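Just run16.txt here, compact mmCIF, C-alpha atoms:
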```
# COMPACT_ATOMS: atom_id res chain seq x y z
CA MET A 854 12.25 -100.40 -214.79
CA LEU A 855 9.29 -102.68 -215.41
CA GLU A 856 9.93 -102.38 -219.15
CA VAL A 857 13.60 -103.25 -218.63
CA GLY A 858 12.56 -106.28 -216.61
CA ARG A 859 10.04 -107.39 -219.23
CA ARG A 860 12.66 -107.16 -221.98
CA LYS A 861 15.09 -109.26 -219.94
CA ALA A 862 12.37 -111.83 -219.28
CA GLU A 863 11.72 -112.37 -222.99
CA ARG A 864 14.41 -115.06 -223.04
CA PRO A 865 13.09 -118.55 -223.78
CA GLY A 866 12.03 -120.55 -220.77
CA LEU A 867 11.40 -117.60 -218.47
CA ASN A 868 7.95 -117.02 -217.05
CA VAL A 869 8.20 -113.93 -214.86
CA PRO A 870 5.14 -111.89 -213.88
CA PHE A 871 5.61 -108.13 -213.40
CA ILE A 872 3.30 -106.09 -211.21
CA GLN A 873 3.08 -102.33 -210.76
CA HIS A 874 2.05 -101.87 -207.15
CA ASP A 875 3.10 -100.42 -203.80
CA ILE A 876 5.94 -102.73 -202.79
CA SER A 877 5.43 -101.90 -199.12
CA ASP A 878 2.02 -103.59 -199.03
CA LEU A 879 1.16 -106.40 -201.42
CA THR A 880 -1.99 -107.43 -199.51
CA GLY A 881 -4.75 -108.73 -201.75
CA LEU A 882 -2.53 -109.66 -204.70
CA GLU A 883 -2.46 -113.25 -205.89
CA LEU A 884 1.32 -113.66 -205.76
CA LEU A 885 1.76 -117.26 -204.64
CA PRO A 886 0.51 -120.43 -206.31
CA ASN A 887 -2.12 -122.49 -204.49
CA GLY A 888 -0.61 -124.57 -201.71
CA SER A 889 2.56 -122.51 -201.49
CA GLN A 890 3.89 -121.71 -198.02
CA GLY A 891 5.58 -118.54 -199.26
CA PHE A 892 8.55 -117.29 -201.21
CA ASP A 893 12.01 -118.84 -200.96
CA LEU A 894 13.66 -115.46 -201.41
CA ILE A 895 12.72 -111.78 -201.37
CA THR A 896 15.33 -109.18 -202.31
CA CYS A 897 15.42 -105.41 -202.17
CA ALA A 898 18.53 -103.89 -203.73
CA THR A 899 19.50 -100.31 -202.79
CA ALA A 900 15.86 -99.19 -202.52
CA LEU A 901 15.02 -99.71 -198.86
CA VAL A 902 15.74 -96.09 -197.89
CA LEU A 903 13.43 -94.90 -200.67
CA LEU A 904 10.40 -96.45 -198.98
CA PRO A 905 8.29 -94.26 -196.68
CA ASP A 906 8.44 -96.86 -193.89
CA PRO A 907 11.16 -99.51 -194.38
CA ALA A 908 10.28 -101.31 -191.13
CA LYS A 909 6.63 -101.68 -192.18
CA ALA A 910 7.69 -103.02 -195.59
CA ILE A 911 10.03 -105.62 -194.08
CA LYS A 912 7.36 -106.75 -191.62
CA HIS A 913 4.96 -107.23 -194.53
CA TRP A 914 7.53 -109.07 -196.66
CA SER A 915 8.29 -111.40 -193.78
CA THR A 916 4.66 -112.62 -193.93
CA LEU A 917 5.24 -113.66 -197.56
CA LEU A 918 8.30 -115.83 -196.83
CA LYS A 919 8.00 -119.56 -196.27
CA PRO A 920 9.68 -121.00 -193.16
CA GLY A 921 13.40 -120.86 -193.90
CA GLY A 922 12.80 -118.34 -196.71
CA ARG A 923 15.35 -115.55 -196.90
CA LEU A 924 15.22 -111.79 -197.19
CA VAL A 925 18.32 -110.16 -198.70
CA THR A 926 18.65 -106.40 -198.73
CA ASP A 927 21.25 -103.68 -198.78
CA VAL A 928 21.49 -99.97 -198.06
CA ALA A 929 24.23 -97.48 -198.74
CA ALA A 930 26.46 -97.17 -195.69
CA LYS A 931 26.10 -94.10 -193.53
CA ASP A 932 27.45 -90.90 -195.08
CA VAL A 933 29.00 -92.55 -198.15
CA ASN A 934 27.06 -90.76 -200.89
CA VAL A 935 28.26 -87.14 -201.04
CA PRO A 936 25.33 -85.62 -203.01
CA SER A 937 22.75 -87.50 -200.93
CA ARG A 938 24.42 -86.43 -197.69
CA LEU A 939 24.47 -82.78 -198.77
CA PHE A 940 20.88 -82.85 -200.02
CA THR A 941 19.80 -84.31 -196.68
CA GLN A 942 21.42 -81.34 -194.92
CA ILE A 943 19.95 -78.65 -197.16
CA GLY A 944 16.58 -80.40 -197.43
CA ARG A 945 15.85 -79.53 -193.83
CA LYS A 946 16.48 -75.84 -194.54
CA LEU A 947 14.37 -75.87 -197.72
CA GLY A 948 11.57 -78.00 -196.30
CA LYS A 949 12.22 -80.56 -199.04
CA LEU A 950 13.06 -83.99 -197.79
CA GLN A 951 14.29 -86.60 -200.20
CA TRP A 952 13.85 -89.72 -198.10
CA ASP A 953 14.51 -90.71 -194.54
CA GLN A 954 17.83 -92.44 -194.12
CA SER A 955 18.32 -91.34 -190.53
CA TRP A 956 17.91 -94.94 -189.36
CA VAL A 957 20.97 -95.98 -191.40
CA GLN A 958 23.69 -95.77 -188.77
CA SER A 959 25.60 -99.05 -188.90
CA GLU A 960 25.26 -102.75 -189.49
CA LYS A 961 23.30 -102.83 -186.22
CA SER A 962 20.57 -100.55 -187.56
CA SER A 963 20.00 -102.90 -190.52
CA ALA A 964 19.96 -105.90 -188.18
CA LYS A 965 17.43 -104.18 -185.90
CA LEU A 966 14.94 -103.73 -188.78
CA LEU A 967 15.13 -107.44 -189.46
CA TRP A 968 14.94 -108.55 -185.83
CA ASP A 969 11.96 -106.23 -185.25
CA SER A 970 10.19 -108.05 -188.09
CA ARG A 971 10.76 -111.35 -186.28
CA LEU A 972 13.29 -112.53 -188.82
CA ARG A 973 16.43 -114.37 -187.77
CA VAL A 974 19.49 -112.41 -188.87
CA GLU A 975 21.99 -114.64 -190.63
CA THR A 976 24.54 -111.93 -191.41
CA VAL A 977 24.92 -108.18 -191.72
CA PHE A 978 28.19 -106.74 -192.94
CA LEU A 979 29.80 -103.69 -194.49
CA THR A 980 31.01 -104.41 -198.01
CA LYS A 981 34.39 -103.43 -199.27
CA CYS A 982 34.54 -100.16 -201.15
CA TYR A 983 33.70 -100.96 -204.76
CA GLN A 984 34.11 -97.46 -206.17
CA THR A 985 35.78 -94.24 -205.03
CA ARG A 986 34.89 -90.86 -206.44
CA GLU A 987 36.51 -87.55 -205.65
CA TYR A 988 34.50 -84.32 -205.55
CA THR A 989 36.18 -80.92 -205.38
CA THR A 990 34.89 -77.60 -204.08
CA GLN A 991 35.71 -76.05 -207.44
CA LYS A 992 33.23 -78.40 -209.13
CA ALA A 993 30.53 -78.23 -206.44
CA PRO A 994 28.12 -76.19 -208.67
CA GLU A 995 28.59 -78.73 -211.48
CA THR A 996 28.04 -81.59 -209.02
CA PHE A 997 24.75 -79.96 -207.99
CA GLU A 998 23.62 -79.61 -211.63
CA GLN A 999 24.46 -83.23 -212.43
CA ALA A 1000 22.66 -84.45 -209.33
CA VAL A 1001 19.40 -82.54 -209.91
CA ALA A 1002 19.31 -83.84 -213.48
CA SER A 1003 18.72 -87.33 -212.06
CA PRO A 1004 15.28 -88.47 -210.87
CA MET A 1005 16.60 -89.06 -207.33
CA TYR A 1006 17.21 -85.37 -206.60
CA ARG A 1007 15.10 -83.54 -209.18
CA ASN A 1008 12.89 -81.90 -206.53
CA PHE A 1009 15.91 -79.78 -205.55
CA GLY A 1010 16.10 -78.60 -209.16
CA GLU A 1011 12.52 -77.31 -209.32
CA PRO A 1012 12.44 -73.66 -210.45
CA SER A 1013 10.98 -72.40 -207.15
CA VAL A 1014 13.96 -73.64 -205.09
CA ARG A 1015 16.76 -74.33 -207.59
CA GLU A 1016 18.94 -71.25 -207.01
CA GLU A 1017 18.60 -71.37 -203.23
CA ALA A 1018 19.20 -75.15 -203.24
CA LYS A 1019 22.33 -74.68 -205.33
CA ARG A 1020 23.64 -71.94 -203.04
CA LEU A 1021 23.03 -74.06 -199.94
CA PHE A 1022 24.51 -77.15 -201.60
CA VAL A 1023 27.74 -75.34 -202.51
CA GLU A 1024 27.88 -73.78 -199.04
CA ALA A 1025 27.44 -77.18 -197.33
CA PHE A 1026 30.00 -78.71 -199.68
CA GLU A 1027 32.59 -76.02 -198.90
CA GLN A 1028 32.00 -76.34 -195.18
CA GLU A 1029 32.38 -80.13 -195.19
CA ALA A 1030 35.36 -80.14 -197.58
CA GLY A 1031 37.25 -77.61 -195.47
CA ALA A 1032 40.66 -76.25 -196.47
CA GLU A 1033 41.50 -79.32 -198.55
CA GLY A 1034 38.50 -78.67 -200.79
CA VAL A 1035 37.95 -82.37 -201.48
CA LEU A 1036 35.26 -84.87 -200.50
CA LEU A 1037 35.75 -88.58 -201.13
CA ASP A 1038 32.76 -90.75 -201.92
CA GLU A 1039 33.42 -94.40 -201.12
CA ALA A 1040 30.67 -96.69 -202.34
CA LYS A 1041 29.99 -99.22 -199.57
CA MET A 1042 26.85 -101.03 -198.57
CA TYR A 1043 25.42 -102.65 -195.47
CA MET A 1044 24.38 -106.10 -196.74
CA ALA A 1045 21.85 -108.07 -194.73
CA VAL A 1046 20.55 -111.64 -194.98
CA ALA A 1047 17.81 -112.91 -192.69
CA TYR A 1048 15.42 -115.82 -192.71
CA LYS A 1049 12.01 -116.70 -191.36
CA LEU A 1050 11.82 -119.30 -188.61
```

Let me see the structure of the file written as structure tokens.
Amino acid sequence: MLEVGRRKAERPGLNVPFIQHDISDLTGLELLPNGSQGFDLITCATALVLLPDPAKAIKHWSTLLKPGGRLVTDVAAKDVNVPSRLFTQIGRKLGKLQWDQSWVQSEKSSAKLLWDSRLRVETVFLTKCYQTREYTTQKAPETFEQAVASPMYRNFGEPSVREEAKRLFVEAFEQEAGAEGVLLDEAKMYMAVAYKL
């Protein structure tokens, strides 16, 4: 992704530095120009649940905002991503956790992360559904294979657990889909905007 960003920044007039670092803790990096009070805006798009400790990251980012500076972030709404939801269920049985999204319960859970970081919440809302995808029980094994081919779920495709993970995935899918044999995936996000006092 850094390479993608660098290519996009090659346009004339852009001067964008790129840093490979732990985003949760940027302590010690020279990020701000001399005399700056902080950033006007920090964004984190769809990656908050991938961090080991989202609350810690937001608290740290809040120290980098200037007074009135905004933090804008989003997370997938609770239970909207079918493969992720099923991998969360079977991950417990396999001892393979993908990431902790247990704190994602509602707009209130996003707001709480921001309030706990001493940011003033401007708005938190559930977006409209921007994409609907239908999964069928018949294609559950294929859904598993497609999912573990992506970097997000590849640990469930490792040779030592792949067959058991696939069996559990299909089993969880069938149980959740019930007699209808269909699961709908509605892409919705909890969007949050907060600012530093």

### Task
Please identify all polymer residues lying at most 12 Å from the point (10.9, -107.9, -184.0) (file coordinates), using only C-alpha atoms, and present the result as JSON, numbers by chain.
{"A": [908, 909, 911, 912, 915, 964, 965, 966, 967, 968, 969, 970, 971, 972, 973, 974, 1049]}

Could you write out that same residue set with C-alpha atoms as a short mmCIF file (atom, residue, chain, number, x, y, z; two decimals), in the frame of the given file?
```cif
data_model
loop_
_atom_site.label_atom_id
_atom_site.label_comp_id
_atom_site.auth_asym_id
_atom_site.auth_seq_id
_atom_site.Cartn_x
_atom_site.Cartn_y
_atom_site.Cartn_z
CA ALA A 908 10.28 -101.31 -191.13
CA LYS A 909 6.63 -101.68 -192.18
CA ILE A 911 10.03 -105.62 -194.08
CA LYS A 912 7.36 -106.75 -191.62
CA SER A 915 8.29 -111.40 -193.78
CA ALA A 964 19.96 -105.90 -188.18
CA LYS A 965 17.43 -104.18 -185.90
CA LEU A 966 14.94 -103.73 -188.78
CA LEU A 967 15.13 -107.44 -189.46
CA TRP A 968 14.94 -108.55 -185.83
CA ASP A 969 11.96 -106.23 -185.25
CA SER A 970 10.19 -108.05 -188.09
CA ARG A 971 10.76 -111.35 -186.28
CA LEU A 972 13.29 -112.53 -188.82
CA ARG A 973 16.43 -114.37 -187.77
CA VAL A 974 19.49 -112.41 -188.87
CA LYS A 1049 12.01 -116.70 -191.36
#
```

#### Entry: Point-to-point distance in Å for atom CA of A:Gln999 and atom CA of A:Ala1025
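Separating atom CA of A:Ala1025 from atom CA of A:Gln999 is a distance of 16.5 Å.
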
### Message
Residues proximal to (28.2, -101.6, -193.7) were defined as those with any atom within 10 Å of that point in the file's coordinates, counting all atoms listed in the file. Which are they, as a list in words?
### Response
Asp927, Val928, Ala929, Ala930, Lys931, Val957, Gln958, Ser959, Glu960, Lys961, Ser962, Ser963, Val977, Phe978, Leu979, Thr980, Lys981, Cys982, Lys1041, Met1042, Tyr1043, Met1044 and Ala1045 of chain A

### Task
Would you list the contacts of A:Tyr1006 as an NGL selection string, taking every protein, DNA or RNA residue within 9 Å and counting all atoms listed in the file, but skipping same-chain residues closer than 4 positions in sequence?
:A and (936-937 or 940 or 951 or 1000-1002 or 1010)

#### Entry: Neighbour list for stretch 875-891 of chain A as a ChimeraX atom specification, cut-off 12 Å, only C-alpha atoms, skip fewer than 5 positions in-chain
/A:869-870,896-897,900-924,1049

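For the atom pair formed by atom CA of A:Asp953 and atom CA of A:Glu1033, the distance is 29.6 Å, given to one decimal.
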
#### Entry: Who sits within 10 Å of A:Gln984, only C-alpha atoms, same chain under 5 positions skipped, as a VMD selection string
chain A and resid 1038 to 1041

Would you mind completing stretch 862-880 of chain A so that it carries N, CA and C atoms, and writing it out as a short mmCIF file (atom, residue, chain, number, x, y, z; two decimals), in the coordinates of the input?
```
data_model
loop_
_atom_site.label_atom_id
_atom_site.label_comp_id
_atom_site.auth_asym_id
_atom_site.auth_seq_id
_atom_site.Cartn_x
_atom_site.Cartn_y
_atom_site.Cartn_z
N ALA A 862 13.12 -110.58 -219.49
CA ALA A 862 12.37 -111.83 -219.28
C ALA A 862 11.88 -112.45 -220.58
N GLU A 863 12.16 -111.83 -221.71
CA GLU A 863 11.72 -112.37 -222.99
C GLU A 863 12.54 -113.57 -223.43
N ARG A 864 13.59 -113.89 -222.69
CA ARG A 864 14.41 -115.06 -223.04
C ARG A 864 13.57 -116.33 -222.94
N PRO A 865 13.85 -117.28 -223.81
CA PRO A 865 13.09 -118.55 -223.78
C PRO A 865 13.18 -119.24 -222.42
N GLY A 866 12.06 -119.79 -222.00
CA GLY A 866 12.03 -120.55 -220.77
C GLY A 866 11.75 -119.74 -219.52
N LEU A 867 11.68 -118.42 -219.64
CA LEU A 867 11.40 -117.60 -218.47
C LEU A 867 9.92 -117.25 -218.42
N ASN A 868 9.34 -117.40 -217.25
CA ASN A 868 7.95 -117.02 -217.05
C ASN A 868 7.91 -116.15 -215.79
N VAL A 869 8.08 -114.85 -215.98
CA VAL A 869 8.20 -113.93 -214.86
C VAL A 869 7.06 -112.92 -214.91
N PRO A 870 6.19 -112.91 -213.90
CA PRO A 870 5.14 -111.89 -213.88
C PRO A 870 5.69 -110.57 -213.34
N PHE A 871 5.22 -109.45 -213.88
CA PHE A 871 5.61 -108.13 -213.40
C PHE A 871 4.36 -107.39 -212.95
N ILE A 872 4.46 -106.75 -211.80
CA ILE A 872 3.30 -106.09 -211.21
C ILE A 872 3.69 -104.68 -210.82
N GLN A 873 2.88 -103.71 -211.21
CA GLN A 873 3.08 -102.33 -210.76
C GLN A 873 2.17 -102.13 -209.55
N HIS A 874 2.81 -101.94 -208.39
CA HIS A 874 2.05 -101.87 -207.15
C HIS A 874 2.93 -101.26 -206.07
N ASP A 875 2.34 -100.89 -204.96
CA ASP A 875 3.10 -100.42 -203.80
C ASP A 875 3.82 -101.60 -203.18
N ILE A 876 5.15 -101.60 -203.27
CA ILE A 876 5.94 -102.73 -202.79
C ILE A 876 5.86 -102.90 -201.28
N SER A 877 5.50 -101.83 -200.58
CA SER A 877 5.43 -101.90 -199.12
C SER A 877 4.26 -102.72 -198.62
N ASP A 878 3.22 -102.86 -199.45
CA ASP A 878 2.02 -103.59 -199.03
C ASP A 878 1.42 -104.31 -200.23
N LEU A 879 1.63 -105.59 -200.29
CA LEU A 879 1.16 -106.40 -201.42
C LEU A 879 -0.11 -107.17 -201.06
N THR A 880 -0.77 -106.77 -199.97
CA THR A 880 -1.99 -107.43 -199.51
C THR A 880 -3.03 -107.45 -200.62
#
```
